Amino acid sequence: MNDPLSLLFAALADPTRRAILARLAEGEATVSELAEPFDMTLPAVSKHLKVLQHAGLIEQGRQAQWRPCRLVAAPLSQVDAWVEQYRRHWEESFSRMDAYLRELQQTPGEATAE
């Protein structure tokens with residue numbers, strides 16, 4: 001799977017990875033710090049980090065023996081652009097529904113008469 005958008009959605013599909021990204025939005029963290037809130041092994045957390053790294057959402061630095069992770073938010077703009085297409089559709093649909101509801105309110109009784 002080399003499509004960047006598919007990699008992003010696959011990475012974001014897991015709640016653990018979304019929680020890791022939320023934590024990294026607060027600042028750099030080590031693997032141990034990221035693993036703290038989860039009931040899983042460090043190798044399991046490392047696998048999640050590899051998925052996030054492959055999608056371009058995080059990068060790992062190197063400071064002596066530490067390998068702090070940091071968020072790379074730029075790829076999320078691709079997700080935002082994709083969702084924006086559908087946001088316009090939803091807004092247009094809601095506008096049509098609002099217009100229809102206003103029309104129903106202007107002619108009371110017709111909608112309830114049977």
# chains A, B, ... in the order shown; residues from 1 in each chain; ligands from 1
call {"tool": "residues_around", "arguments": {"residues": "A:Ala10", "least_positions_apart": "3", "cutoff": "10 Å", "atoms": "only C-alpha atoms", "output": "PyMOL selection string"}}
result
chain A and resi 1+4-7+13-14+17+51-52+55
call {"tool": "residues_around", "arguments": {"residues": "stretch 19-23 of chain A", "least_positions_apart": "2", "cutoff": "12 Å", "atoms": "only C-alpha atoms", "output": "count of residues only"}}
result
39
call {"tool": "atom_distance", "arguments": {"atom1": "atom CA of A:His54", "atom2": "atom CA of A:Leu8"}}
result
8.9 Å
call {"tool": "select_by_dssp", "arguments": {"residues": "chain A", "states": "alpha helix (DSSP H)", "output": "JSON, numbers by chain"}}
result
{"A": [4, 5, 6, 7, 8, 9, 10, 11, 12, 15, 16, 17, 18, 19, 20, 21, 22, 23, 24, 31, 32, 33, 34, 35, 42, 43, 44, 45, 46, 47, 48, 49, 50, 51, 52, 53, 54, 76, 77, 78, 79, 80, 81, 82, 83, 84, 85, 86, 87, 88, 89, 90, 91, 92, 93, 94, 95, 96, 97, 98, 99, 100, 101, 102, 103, 104, 105, 106]}
call {"tool": "closest_residue", "arguments": {"among": "A:Leu24, A:Ser93, A:Phe9, A:Arg87", "to": "A:Pro68", "atoms": "only C-alpha atoms"}}
result
A:Leu24
call {"tool": "select_by_dssp", "arguments": {"residues": "stretch 23-105 of chain A", "states": "strand (DSSP E)", "output": "list in words"}}
result
Ile58, Glu59, Gln60, Cys69, Arg70 and Leu71 of chain A
call {"tool": "atom_distance", "arguments": {"atom1": "atom CA of A:Leu42", "atom2": "atom CA of A:Gly61"}}
result
17.5 Å
call {"tool": "atom_distance", "arguments": {"atom1": "atom CA of A:Arg18", "atom2": "atom CA of A:Ala74"}}
result
15.5 Å
call {"tool": "decode", "arguments": {"residues": "stretch 51-83 of chain A", "atoms": "N, CA and C atoms", "output": "CSV table (one decimal), in the first residue's frame"}}
result
chain,number,residue,atom,x,y,z
A,51,VAL,N,4.0,2.0,12.2
A,51,VAL,CA,2.9,2.3,11.3
A,51,VAL,C,2.8,3.8,11.2
A,52,LEU,N,2.8,4.5,12.3
A,52,LEU,CA,2.7,6.0,12.2
A,52,LEU,C,3.9,6.6,11.5
A,53,GLN,N,5.1,6.0,11.7
A,53,GLN,CA,6.2,6.5,11.0
A,53,GLN,C,6.2,6.3,9.5
A,54,HIS,N,5.7,5.1,9.1
A,54,HIS,CA,5.5,4.7,7.7
A,54,HIS,C,4.5,5.7,7.0
A,55,ALA,N,3.5,6.1,7.8
A,55,ALA,CA,2.5,7.0,7.2
A,55,ALA,C,3.0,8.5,7.2
A,56,GLY,N,4.2,8.7,7.8
A,56,GLY,CA,4.8,10.0,7.8
A,56,GLY,C,4.2,10.9,8.9
A,57,LEU,N,3.5,10.3,9.9
A,57,LEU,CA,2.9,11.1,10.9
A,57,LEU,C,3.8,11.4,12.1
A,58,ILE,N,4.9,10.6,12.3
A,58,ILE,CA,5.8,10.8,13.4
A,58,ILE,C,7.2,10.6,12.8
A,59,GLU,N,8.2,11.2,13.6
A,59,GLU,CA,9.6,10.9,13.3
A,59,GLU,C,10.3,10.7,14.7
A,60,GLN,N,11.3,9.9,14.6
A,60,GLN,CA,12.1,9.6,15.8
A,60,GLN,C,13.4,10.2,15.7
A,61,GLY,N,13.8,10.9,16.7
A,61,GLY,CA,15.1,11.5,16.8
A,61,GLY,C,16.1,10.6,17.5
A,62,ARG,N,17.3,11.2,17.7
A,62,ARG,CA,18.2,10.4,18.5
A,62,ARG,C,19.0,11.4,19.4
A,63,GLN,N,18.9,11.2,20.7
A,63,GLN,CA,19.6,12.0,21.6
A,63,GLN,C,20.3,11.1,22.6
A,64,ALA,N,21.5,10.8,22.4
A,64,ALA,CA,22.3,9.9,23.2
A,64,ALA,C,21.5,8.5,23.1
A,65,GLN,N,21.1,7.9,24.2
A,65,GLN,CA,20.4,6.6,24.2
A,65,GLN,C,18.9,6.8,24.0
A,66,TRP,N,18.4,8.1,24.0
A,66,TRP,CA,17.0,8.3,23.9
A,66,TRP,C,16.6,8.4,22.4
A,67,ARG,N,15.4,8.0,22.1
A,67,ARG,CA,14.9,8.1,20.7
A,67,ARG,C,13.5,8.7,20.8
A,68,PRO,N,13.5,10.1,21.1
A,68,PRO,CA,12.2,10.7,21.3
A,68,PRO,C,11.4,10.8,20.0
A,69,CYS,N,10.1,10.6,20.1
A,69,CYS,CA,9.2,10.7,19.0
A,69,CYS,C,8.6,12.1,18.9
A,70,ARG,N,8.3,12.6,17.7
A,70,ARG,CA,7.6,13.8,17.6
A,70,ARG,C,6.6,13.7,16.5
A,71,LEU,N,5.5,14.5,16.6
A,71,LEU,CA,4.4,14.5,15.7
A,71,LEU,C,4.9,15.3,14.4
A,72,VAL,N,4.5,14.8,13.3
A,72,VAL,CA,4.6,15.5,12.0
A,72,VAL,C,3.2,15.7,11.5
A,73,ALA,N,2.7,16.9,11.7
A,73,ALA,CA,1.3,17.1,11.4
A,73,ALA,C,1.0,17.4,9.9
A,74,ALA,N,2.0,17.8,9.1
A,74,ALA,CA,1.8,18.2,7.8
A,74,ALA,C,1.0,17.1,6.9
A,75,PRO,N,1.2,15.8,7.0
A,75,PRO,CA,0.5,14.9,6.2
A,75,PRO,C,-1.1,14.9,6.5
A,76,LEU,N,-1.4,15.4,7.7
A,76,LEU,CA,-2.9,15.4,8.0
A,76,LEU,C,-3.6,16.4,7.1
A,77,SER,N,-2.9,17.3,6.5
A,77,SER,CA,-3.6,18.2,5.5
A,77,SER,C,-4.2,17.5,4.4
A,78,GLN,N,-3.6,16.3,4.0
A,78,GLN,CA,-4.1,15.5,2.9
A,78,GLN,C,-5.5,14.9,3.4
A,79,VAL,N,-5.6,14.5,4.6
A,79,VAL,CA,-6.8,14.0,5.1
A,79,VAL,C,-7.9,15.1,5.2
A,80,ASP,N,-7.4,16.3,5.6
A,80,ASP,CA,-8.4,17.4,5.6
A,80,ASP,C,-8.9,17.8,4.3
A,81,ALA,N,-8.0,17.7,3.3
A,81,ALA,CA,-8.4,18.1,1.9
A,81,ALA,C,-9.4,17.0,1.4
A,82,TRP,N,-9.2,15.8,1.7
A,82,TRP,CA,-10.1,14.7,1.2
A,82,TRP,C,-11.5,14.9,1.9
A,83,VAL,N,-11.5,15.1,3.2
A,83,VAL,CA,-12.7,15.3,4.0
A,83,VAL,C,-13.5,16.5,3.5
